[in-house]
file target_15.pdb (PDB, C-alpha atoms)
ATOM      1  CA  MET A   1     -44.926 -86.438 -23.752
ATOM      2  CA  ALA A   2     -47.291 -83.557 -23.193
ATOM      3  CA  THR A   3     -48.840 -85.136 -20.075
ATOM      4  CA  THR A   4     -45.537 -85.455 -18.165
ATOM      5  CA  GLU A   5     -44.206 -82.029 -19.152
ATOM      6  CA  LYS A   6     -44.194 -79.497 -16.368
ATOM      7  CA  THR A   7     -45.773 -76.103 -16.762
ATOM      8  CA  LYS A   8     -43.597 -73.032 -16.423
ATOM      9  CA  ALA A   9     -45.350 -72.163 -13.157
ATOM     10  CA  GLN A  10     -44.461 -75.593 -11.734
ATOM     11  CA  LEU A  11     -40.846 -75.251 -12.824
ATOM     12  CA  ASP A  12     -40.624 -71.762 -11.324
ATOM     13  CA  ALA A  13     -42.064 -73.013  -8.028
ATOM     14  CA  GLU A  14     -39.588 -75.897  -7.936
ATOM     15  CA  PHE A  15     -36.716 -73.592  -8.761
ATOM     16  CA  SER A  16     -37.806 -71.299  -5.979
ATOM     17  CA  ASP A  17     -37.635 -74.230  -3.542
ATOM     18  CA  LEU A  18     -34.194 -75.181  -4.811
ATOM     19  CA  TYR A  19     -33.032 -71.615  -4.418
ATOM     20  CA  ARG A  20     -34.290 -71.289  -0.830
ATOM     21  CA  GLN A  21     -32.868 -74.664   0.097
ATOM     22  CA  HIS A  22     -29.383 -74.052  -1.260
ATOM     23  CA  LEU A  23     -28.760 -70.327  -1.150
ATOM     24  CA  ARG A  24     -26.606 -70.720   1.953
ATOM     25  CA  ASP A  25     -24.628 -73.586   0.369
ATOM     26  CA  VAL A  26     -23.907 -71.638  -2.796
ATOM     27  CA  TYR A  27     -23.044 -68.530  -0.834
ATOM     28  CA  SER A  28     -20.729 -70.410   1.535
ATOM     29  CA  TYR A  29     -18.988 -72.129  -1.350
ATOM     30  CA  SER A  30     -18.637 -68.819  -3.199
ATOM     31  CA  TYR A  31     -17.333 -67.071  -0.124
ATOM     32  CA  TYR A  32     -14.631 -69.633   0.553
ATOM     33  CA  ARG A  33     -13.675 -69.616  -3.119
ATOM     34  CA  VAL A  34     -13.358 -65.853  -3.606
ATOM     35  CA  GLY A  35     -12.613 -64.792  -0.027
ATOM     36  CA  ASN A  36     -14.848 -61.715   0.264
ATOM     37  CA  HIS A  37     -18.541 -60.976   0.588
ATOM     38  CA  HIS A  38     -18.830 -58.625  -2.368
ATOM     39  CA  ASP A  39     -17.584 -61.107  -4.962
ATOM     40  CA  ALA A  40     -19.335 -63.975  -3.192
ATOM     41  CA  GLU A  41     -22.640 -62.159  -3.694
ATOM     42  CA  ASP A  42     -21.934 -61.660  -7.388
ATOM     43  CA  LEU A  43     -20.926 -65.272  -7.812
ATOM     44  CA  THR A  44     -24.005 -66.530  -5.966
ATOM     45  CA  GLU A  45     -26.333 -64.403  -8.046
ATOM     46  CA  GLN A  46     -24.700 -65.483 -11.292
ATOM     47  CA  THR A  47     -24.882 -69.119 -10.209
ATOM     48  CA  PHE A  48     -28.636 -68.974  -9.658
ATOM     49  CA  LEU A  49     -29.265 -67.062 -12.870
ATOM     50  CA  GLN A  50     -27.298 -69.658 -14.792
ATOM     51  CA  ALA A  51     -29.089 -72.458 -12.931
ATOM     52  CA  TYR A  52     -32.459 -70.935 -13.777
ATOM     53  CA  ARG A  53     -31.657 -70.990 -17.483
ATOM     54  CA  HIS A  54     -30.846 -74.715 -17.446
ATOM     55  CA  PHE A  55     -33.122 -75.874 -14.661
ATOM     56  CA  GLU A  56     -35.582 -77.841 -16.774
ATOM     57  CA  ARG A  57     -32.846 -79.819 -18.476
ATOM     58  CA  ALA A  58     -31.018 -80.441 -15.208
ATOM     59  CA  GLN A  59     -34.192 -81.791 -13.639
ATOM     60  CA  ARG A  60     -34.785 -84.058 -16.611
ATOM     61  CA  GLU A  61     -31.265 -85.432 -16.572
ATOM     62  CA  SER A  62     -30.893 -85.771 -12.810
ATOM     63  CA  ASN A  63     -33.397 -88.652 -12.585
ATOM     64  CA  GLY A  64     -34.554 -87.452  -9.211
ATOM     65  CA  ARG A  65     -31.063 -87.123  -7.706
ATOM     66  CA  PRO A  66     -30.354 -84.010  -5.609
ATOM     67  CA  LEU A  67     -29.392 -80.934  -7.603
ATOM     68  CA  ARG A  68     -26.970 -79.472  -5.073
ATOM     69  CA  PRO A  69     -23.864 -80.930  -6.818
ATOM     70  CA  TRP A  70     -25.080 -79.417 -10.074
ATOM     71  CA  LEU A  71     -25.471 -75.988  -8.442
ATOM     72  CA  ILE A  72     -22.031 -76.182  -6.877
ATOM     73  CA  ARG A  73     -20.553 -77.231 -10.191
ATOM     74  CA  ILE A  74     -22.032 -74.124 -11.800
ATOM     75  CA  ALA A  75     -20.532 -71.996  -9.026
ATOM     76  CA  HIS A  76     -17.215 -73.796  -9.496
ATOM     77  CA  ASN A  77     -17.153 -73.064 -13.236
ATOM     78  CA  LEU A  78     -18.137 -69.439 -12.716
ATOM     79  CA  ALA A  79     -15.461 -69.039 -10.043
ATOM     80  CA  ALA A  80     -12.878 -70.467 -12.449
ATOM     81  CA  ASN A  81     -13.953 -67.906 -15.069
ATOM     82  CA  PHE A  82     -13.903 -65.195 -12.414
ATOM     83  CA  TYR A  83     -10.225 -65.838 -11.724
ATOM     84  CA  ARG A  84      -9.360 -66.273 -15.382
ATOM     85  CA  ASP A  85     -11.100 -63.043 -16.414
ATOM     86  CA  ARG A  86      -9.754 -60.917 -13.614
ATOM     87  CA  SER A  87      -6.388 -62.698 -13.307
ATOM     88  CA  ARG A  88      -6.610 -62.844  -9.565
ATOM     89  CA  LYS A  89      -6.355 -65.385  -6.805
ATOM     90  CA  PRO A  90      -8.628 -65.965  -3.829
ATOM     91  CA  GLN A  91      -8.147 -63.472  -1.042
ATOM     92  CA  THR A  92      -7.143 -64.684   2.401
ATOM     93  CA  ALA A  93      -9.795 -62.770   4.316
ATOM     94  CA  ILE A  94     -11.875 -65.818   5.133
ATOM     95  CA  GLU A  95     -11.045 -65.776   8.833
ATOM     96  CA  ASP A  96     -13.993 -63.401   9.168
ATOM     97  CA  ALA A  97     -16.390 -66.135   8.129
ATOM     98  CA  ALA A  98     -15.456 -68.419  10.997
ATOM     99  CA  VAL A  99     -15.447 -65.588  13.499
ATOM    100  CA  ILE A 100     -18.831 -64.250  12.428
ATOM    101  CA  SER A 101     -20.686 -67.481  11.830
ATOM    102  CA  ALA A 102     -19.212 -70.036  14.250
ATOM    103  CA  PRO A 103     -21.405 -70.623  17.278
ATOM    104  CA  HIS A 104     -18.619 -70.098  19.852
ATOM    105  CA  ASP A 105     -18.753 -68.226  23.127
ATOM    106  CA  THR A 106     -16.207 -65.406  23.451
ATOM    107  CA  GLU A 107     -13.719 -67.343  25.555
ATOM    108  CA  THR A 108     -13.588 -70.342  23.232
ATOM    109  CA  LEU A 109     -13.407 -67.994  20.294
ATOM    110  CA  VAL A 110     -10.329 -66.235  21.633
ATOM    111  CA  GLU A 111      -8.660 -69.536  22.489
ATOM    112  CA  GLY A 112      -9.492 -71.224  19.243
ATOM    113  CA  ARG A 113      -9.085 -68.284  16.946
ATOM    114  CA  GLU A 114      -5.364 -68.726  16.242
ATOM    115  CA  GLU A 115      -5.843 -72.390  15.537
ATOM    116  CA  LEU A 116      -8.791 -71.774  13.218
ATOM    117  CA  LYS A 117      -6.931 -68.994  11.448
ATOM    118  CA  ALA A 118      -3.968 -71.304  10.886
ATOM    119  CA  ILE A 119      -6.293 -73.888   9.368
ATOM    120  CA  LEU A 120      -7.994 -71.350   7.106
ATOM    121  CA  ASP A 121      -4.636 -70.014   5.949
ATOM    122  CA  GLY A 122      -3.593 -73.602   5.295
ATOM    123  CA  VAL A 123      -6.736 -74.253   3.246
ATOM    124  CA  GLN A 124      -5.759 -71.367   0.972
ATOM    125  CA  LYS A 125      -2.372 -72.964   0.359
ATOM    126  CA  LEU A 126      -3.833 -76.249  -0.861
ATOM    127  CA  PRO A 127      -4.060 -77.076  -4.571
ATOM    128  CA  ASP A 128      -7.410 -75.967  -6.054
ATOM    129  CA  ASP A 129      -9.053 -79.396  -6.246
ATOM    130  CA  ARG A 130      -8.109 -80.308  -2.674
ATOM    131  CA  ARG A 131      -9.271 -76.946  -1.337
ATOM    132  CA  GLU A 132     -12.599 -77.292  -3.145
ATOM    133  CA  ALA A 133     -13.161 -80.795  -1.862
ATOM    134  CA  LEU A 134     -12.612 -79.628   1.708
ATOM    135  CA  ILE A 135     -14.950 -76.655   1.288
ATOM    136  CA  MET A 136     -17.659 -78.982  -0.028
ATOM    137  CA  ARG A 137     -17.132 -81.527   2.715
ATOM    138  CA  PHE A 138     -16.769 -79.255   5.740
ATOM    139  CA  ALA A 139     -18.497 -75.984   4.871
ATOM    140  CA  LEU A 140     -21.382 -77.532   2.930
ATOM    141  CA  GLY A 141     -21.520 -80.944   4.596
ATOM    142  CA  MET A 142     -21.609 -82.786   1.273
ATOM    143  CA  ASP A 143     -20.924 -86.524   1.227
ATOM    144  CA  ASN A 144     -18.398 -88.220  -1.054
ATOM    145  CA  ARG A 145     -20.959 -89.035  -3.717
ATOM    146  CA  GLU A 146     -22.226 -85.450  -3.924
ATOM    147  CA  ILE A 147     -18.684 -84.086  -4.055
ATOM    148  CA  ALA A 148     -17.815 -86.610  -6.760
ATOM    149  CA  ARG A 149     -20.752 -85.427  -8.870
ATOM    150  CA  ALA A 150     -19.898 -81.770  -8.344
ATOM    151  CA  MET A 151     -16.273 -82.326  -9.307
ATOM    152  CA  GLY A 152     -16.922 -84.784 -12.124
ATOM    153  CA  ARG A 153     -14.871 -87.557 -10.480
ATOM    154  CA  SER A 154     -15.507 -91.086  -9.320
ATOM    155  CA  ASP A 155     -16.551 -91.751  -5.716
ATOM    156  CA  GLY A 156     -13.279 -93.576  -5.058
ATOM    157  CA  ALA A 157     -11.109 -90.807  -6.487
ATOM    158  CA  THR A 158     -13.008 -88.273  -4.394
ATOM    159  CA  LYS A 159     -12.472 -90.253  -1.204
ATOM    160  CA  VAL A 160      -8.737 -90.359  -1.878
ATOM    161  CA  LEU A 161      -8.704 -86.653  -2.776
ATOM    162  CA  ILE A 162     -10.335 -85.659   0.517
ATOM    163  CA  HIS A 163      -8.067 -87.932   2.555
ATOM    164  CA  ARG A 164      -4.960 -86.452   0.927
ATOM    165  CA  ALA A 165      -6.274 -82.915   1.314
ATOM    166  CA  ILE A 166      -6.742 -83.373   5.056
ATOM    167  CA  ARG A 167      -3.297 -84.938   5.472
ATOM    168  CA  GLN A 168      -1.646 -82.171   3.467
ATOM    169  CA  LEU A 169      -3.479 -79.490   5.416
ATOM    170  CA  GLU A 170      -2.418 -81.082   8.666
ATOM    171  CA  GLU A 171       1.189 -80.981   7.486
ATOM    172  CA  ILE A 172       0.897 -77.326   6.438
ATOM    173  CA  VAL A 173      -0.572 -76.315   9.816
ATOM    174  CA  LYS A 174       2.042 -78.347  11.692
ATOM    175  CA  THR A 175       4.889 -76.780   9.728
ATOM    176  CA  THR A 176       3.472 -73.285  10.281
ATOM    177  CA  ASP A 177       3.170 -74.002  14.027
ATOM    178  CA  GLU A 178       6.777 -75.155  14.196
ATOM    179  CA  GLU A 179       8.026 -72.156  12.260
ATOM    180  CA  GLY A 180       6.066 -69.815  14.542
ATOM    181  CA  SER A 181       7.329 -71.279  17.824
TER     182      SER A 181
ATOM    183  CA  MET B   1      -4.110 -81.437  17.518
ATOM    184  CA  SER B   2      -3.882 -84.887  18.963
ATOM    185  CA  ASN B   3      -5.399 -86.989  16.236
ATOM    186  CA  ALA B   4      -7.144 -86.989  12.878
ATOM    187  CA  ALA B   5     -10.631 -86.768  14.399
ATOM    188  CA  ASP B   6      -9.696 -83.653  16.394
ATOM    189  CA  PHE B   7      -8.208 -82.075  13.322
ATOM    190  CA  GLU B   8     -11.355 -82.745  11.308
ATOM    191  CA  LEU B   9     -13.407 -81.204  14.095
ATOM    192  CA  LEU B  10     -11.271 -78.058  13.938
ATOM    193  CA  LEU B  11     -11.531 -78.045  10.176
ATOM    194  CA  ARG B  12     -15.325 -78.188  10.476
ATOM    195  CA  GLN B  13     -15.242 -75.229  12.867
ATOM    196  CA  ALA B  14     -12.893 -73.253  10.630
ATOM    197  CA  LEU B  15     -14.946 -73.857   7.509
ATOM    198  CA  THR B  16     -18.261 -73.025   9.082
ATOM    199  CA  PRO B  17     -21.154 -72.248   6.690
ATOM    200  CA  VAL B  18     -21.482 -68.555   5.883
ATOM    201  CA  ASP B  19     -24.883 -66.887   5.890
ATOM    202  CA  PRO B  20     -25.546 -64.533   2.995
ATOM    203  CA  PRO B  21     -26.252 -60.875   3.823
ATOM    204  CA  ALA B  22     -29.799 -60.373   5.141
ATOM    205  CA  ASP B  23     -31.074 -58.497   2.065
ATOM    206  CA  MET B  24     -29.551 -60.886  -0.419
ATOM    207  CA  PRO B  25     -32.337 -63.522  -0.667
ATOM    208  CA  GLU B  26     -34.930 -60.866  -1.546
ATOM    209  CA  ARG B  27     -32.553 -59.225  -4.001
ATOM    210  CA  ILE B  28     -31.849 -62.432  -5.922
ATOM    211  CA  GLU B  29     -35.490 -63.436  -5.812
ATOM    212  CA  ALA B  30     -36.474 -60.049  -7.275
ATOM    213  CA  THR B  31     -33.903 -60.497 -10.050
ATOM    214  CA  LEU B  32     -35.275 -63.942 -10.836
ATOM    215  CA  VAL B  33     -38.871 -62.707 -10.840
ATOM    216  CA  ASN B  34     -37.888 -59.882 -13.222
ATOM    217  CA  LEU B  35     -36.072 -62.363 -15.396
ATOM    218  CA  THR B  36     -39.102 -64.633 -15.537
ATOM    219  CA  ALA B  37     -41.425 -61.759 -16.407
ATOM    220  CA  MET B  38     -38.970 -60.464 -18.981
ATOM    221  CA  ALA B  39     -38.670 -63.897 -20.575
ATOM    222  CA  ALA B  40     -42.456 -64.129 -20.979
ATOM    223  CA  ASP B  41     -42.687 -60.602 -22.423
ATOM    224  CA  GLU B  42     -39.803 -61.225 -24.775
ATOM    225  CA  LEU B  43     -41.355 -64.440 -26.004
ATOM    226  CA  GLU B  44     -44.637 -62.671 -26.708
ATOM    227  CA  ALA B  45     -42.842 -59.800 -28.440
ATOM    228  CA  TRP B  46     -40.799 -62.286 -30.435
ATOM    229  CA  GLU B  47     -43.896 -64.101 -31.635
ATOM    230  CA  LEU B  48     -45.389 -60.859 -32.918
ATOM    231  CA  SER B  49     -42.220 -59.471 -34.450
ATOM    232  CA  ALA B  50     -41.254 -62.840 -35.876
ATOM    233  CA  MET B  51     -44.267 -62.835 -38.150
ATOM    234  CA  ARG B  52     -43.308 -59.403 -39.450
ATOM    235  CA  ASP B  53     -39.847 -60.600 -40.434
ATOM    236  CA  PRO B  54     -39.922 -62.571 -43.712
ATOM    237  CA  ARG B  55     -36.959 -64.659 -42.546
ATOM    238  CA  ASN B  56     -39.241 -66.162 -39.901
ATOM    239  CA  TRP B  57     -41.882 -67.125 -42.387
ATOM    240  CA  VAL B  58     -39.994 -70.158 -43.642
ATOM    241  CA  ARG B  59     -41.680 -72.623 -41.321
ATOM    242  CA  PRO B  60     -45.265 -71.379 -41.703
ATOM    243  CA  ALA B  61     -44.657 -70.984 -45.430
ATOM    244  CA  ALA B  62     -43.351 -74.548 -45.628
ATOM    245  CA  ALA B  63     -46.486 -75.715 -43.837
ATOM    246  CA  VAL B  64     -48.637 -73.816 -46.336
ATOM    247  CA  VAL B  65     -46.655 -75.297 -49.245
ATOM    248  CA  VAL B  66     -47.126 -78.808 -47.893
ATOM    249  CA  GLY B  67     -50.819 -78.159 -47.335
ATOM    250  CA  THR B  68     -51.276 -76.614 -50.769
ATOM    251  CA  THR B  69     -49.419 -79.428 -52.500
ATOM    252  CA  ALA B  70     -51.553 -81.986 -50.733
ATOM    253  CA  GLY B  71     -54.653 -79.990 -51.618
ATOM    254  CA  ALA B  72     -53.629 -79.668 -55.254
ATOM    255  CA  ALA B  73     -52.899 -83.389 -55.433
ATOM    256  CA  LEU B  74     -56.370 -84.073 -54.059
ATOM    257  CA  VAL B  75     -57.987 -81.794 -56.670
ATOM    258  CA  VAL B  76     -56.075 -83.517 -59.504
ATOM    259  CA  LEU B  77     -57.034 -86.950 -58.169
ATOM    260  CA  ARG B  78     -60.722 -86.024 -58.032
ATOM    261  CA  ALA B  79     -60.583 -84.566 -61.561
ATOM    262  CA  ARG B  80     -59.047 -87.810 -62.844
ATOM    263  CA  GLN B  81     -61.694 -89.890 -61.094
ATOM    264  CA  ARG B  82     -64.414 -87.785 -62.702
ATOM    265  CA  ARG B  83     -62.678 -87.970 -66.076
ATOM    266  CA  ARG B  84     -63.045 -91.749 -65.956
ATOM    267  CA  ARG B  85     -66.794 -91.413 -65.513
ATOM    268  CA  PRO B  86     -68.914 -90.854 -68.628
ATOM    269  CA  ARG B  87     -69.464 -87.114 -69.252
ATOM    270  CA  PRO B  88     -72.319 -85.565 -71.181
ATOM    271  CA  ASN B  89     -69.907 -83.207 -72.982
ATOM    272  CA  VAL B  90     -66.544 -81.454 -72.771
ATOM    273  CA  LEU B  91     -68.008 -78.226 -71.391
ATOM    274  CA  ASP B  92     -69.641 -80.028 -68.454
ATOM    275  CA  ALA B  93     -66.376 -81.800 -67.681
ATOM    276  CA  ALA B  94     -64.465 -78.503 -67.760
ATOM    277  CA  GLU B  95     -67.033 -76.868 -65.509
ATOM    278  CA  GLN B  96     -66.849 -79.758 -63.028
ATOM    279  CA  ALA B  97     -63.027 -79.688 -62.984
ATOM    280  CA  LEU B  98     -63.122 -75.940 -62.363
ATOM    281  CA  LYS B  99     -65.521 -76.450 -59.451
ATOM    282  CA  ASP B 100     -63.204 -79.135 -58.039
ATOM    283  CA  VAL B 101     -60.203 -76.872 -58.255
ATOM    284  CA  TYR B 102     -62.091 -73.974 -56.666
ATOM    285  CA  GLY B 103     -63.553 -76.202 -53.951
ATOM    286  CA  GLY B 104     -60.145 -77.738 -53.131
ATOM    287  CA  ALA B 105     -58.366 -74.408 -53.141
ATOM    288  CA  ARG B 106     -61.047 -72.788 -50.964
ATOM    289  CA  LYS B 107     -60.139 -75.168 -48.122
ATOM    290  CA  PHE B 108     -56.655 -73.662 -47.980
ATOM    291  CA  LEU B 109     -57.689 -70.051 -48.183
ATOM    292  CA  PRO B 110     -57.812 -68.093 -44.913
ATOM    293  CA  LYS B 111     -61.305 -67.757 -43.479
ATOM    294  CA  HIS B 112     -62.527 -64.243 -42.700
TER     295      HIS B 112
END
call {"tool": "encode", "arguments": {"input": "target_15.pdb", "output": "structure tokens"}}
result
Amino acid sequence: MATTEKTKAQLDAEFSDLYRQHLRDVYSYSYYRVGNHHDAEDLTEQTFLQAYRHFERAQRESNGRPLRPWLIRIAHNLAANFYRDRSRKPQTAIEDAAVISAPHDTETLVEGREELKAILDGVQKLPDDRREALIMRFALGMDNREIARAMGRSDGATKVLIHRAIRQLEEIVKTTDEEGS
Amino acid sequence: MSNAADFELLLRQALTPVDPPADMPERIEATLVNLTAMAADELEAWELSAMRDPRNWVRPAAAVVVGTTAGAALVVLRARQRRRRPRPNVLDAAEQALKDVYGGARKFLPKH
């Protein structure tokens, strides 16, 4: 239908909006996946380049639903390739993210730092799918439905996945605390 | 960590969103703009070079074949219709058929 087709200029403008709206989400996700800023930048850039190539189709098939899960899914697939190609695992340097970005005052930061570090270390010990679900929920603020779409699961399965991830993480942190004291 | 709600609050603080480096938005935007411009240039270049490559002539050639066949069929049909009409002599009929063929073919020749 020629009348409903968007011009390239329209598509570019809409992609630009999408990019501005979700750059921080994609970057945060990438950062928590790869564990350092350098690779997170690469991953973010690749994600948007890939998204640009398939944007028109994604818009057509989304039926007006938000495209954030689609973007995160692209980042997820690229991150999986990143590990496969380079045969490496995420680094555990993500404590920097919380320290740099969290809106704490110095005193609270010092008090809470050990606890936050223990949680971040615990996140890295979770199975991939559980870790990803927690990143999407807590770092990106995605709801169950969005996470389900990004991970290609049902809403119910996603709810269970997140619940189990939190419980497992709690256990990991508790065990680490007990071993440390 | 007294209860689940507290733990989730800590988890939210630990997994705080991370801002990209300050120069990153401009850098990615520049890459995308270059990509867009490059795509347009490449498409234009492809259209020109495609017509130079005989392998890319299949579609236009097929269109010409279809057009020519239809044109030829039209010429033959007109000749038959005229053949049914009474003709003064064979030479006139031949001349008329030749005019039909030329007139039909002329429609499919490129205009200068």
call {"tool": "axis_aligned_box", "arguments": {"input": "target_15.pdb", "around": "range 16-26 of chain A", "padding_each_side": "3 Å", "output": "lines of an AutoDock Vina configuration file"}}
result
center_x = -30.9
center_y = -72.8
center_z = -2.0
size_x = 19.9
size_y = 10.9
size_z = 13.9
call {"tool": "resolve_selection", "arguments": {"input": "target_15.pdb", "expression": "the ChimeraX specification (/B :<6) & /A", "output": "VMD selection string"}}
result
chain A and resid 24 28 98 116 138 to 139
call {"tool": "write_last_selection", "arguments": {"input": "target_15.pdb", "atoms": "C-alpha atoms", "output": "mmCIF file, in the frame of the given file"}}
result
data_model
loop_
_atom_site.group_PDB
_atom_site.id
_atom_site.type_symbol
_atom_site.label_atom_id
_atom_site.label_comp_id
_atom_site.auth_asym_id
_atom_site.auth_seq_id
_atom_site.Cartn_x
_atom_site.Cartn_y
_atom_site.Cartn_z
ATOM 1 C CA ARG A 24 -26.606 -70.720 1.953
ATOM 2 C CA SER A 28 -20.729 -70.410 1.535
ATOM 3 C CA ALA A 98 -15.456 -68.419 10.997
ATOM 4 C CA LEU A 116 -8.791 -71.774 13.218
ATOM 5 C CA PHE A 138 -16.769 -79.255 5.740
ATOM 6 C CA ALA A 139 -18.497 -75.984 4.871
#
call {"tool": "residues_near_point", "arguments": {"input": "target_15.pdb", "point": "(-22.9, -76.4, -10.6)", "cutoff": "12 Å", "atoms": "all atoms listed in the file", "output": "JSON, numbers by chain"}}
result
{"A": [22, 25, 26, 29, 30, 43, 44, 46, 47, 48, 49, 50, 51, 52, 54, 55, 58, 66, 67, 68, 69, 70, 71, 72, 73, 74, 75, 76, 77, 78, 79, 80, 146, 147, 149, 150, 151, 152]}
call {"tool": "atom_distance", "arguments": {"input": "target_15.pdb", "atom1": "CA of His37 in chain A", "atom2": "CA of Phe82 in chain A"}}
result
14.4 Å
call {"tool": "resolve_selection", "arguments": {"input": "target_15.pdb", "expression": "the PyMOL selection byres ((chain A and resi 161) around 12)", "output": "number ranges by chain"}}
result
A: 126-134, 137, 144, 147-148, 151, 153-160, 162-168
call {"tool": "atom_distance", "arguments": {"input": "target_15.pdb", "atom1": "CA of Tyr27 in chain A", "atom2": "CA of Ile135 in chain A"}}
result
11.7 Å
call {"tool": "atom_distance", "arguments": {"input": "target_15.pdb", "atom1": "CA of Thr176 in chain A", "atom2": "CA of Ala118 in chain A"}}
result
7.7 Å
call {"tool": "closest_residue", "arguments": {"input": "target_15.pdb", "among": "A:Gly141, A:Leu11, A:Tyr32, A:Arg84", "to": "Gln124 in chain A", "atoms": "only C-alpha atoms"}}
result
A:Tyr32
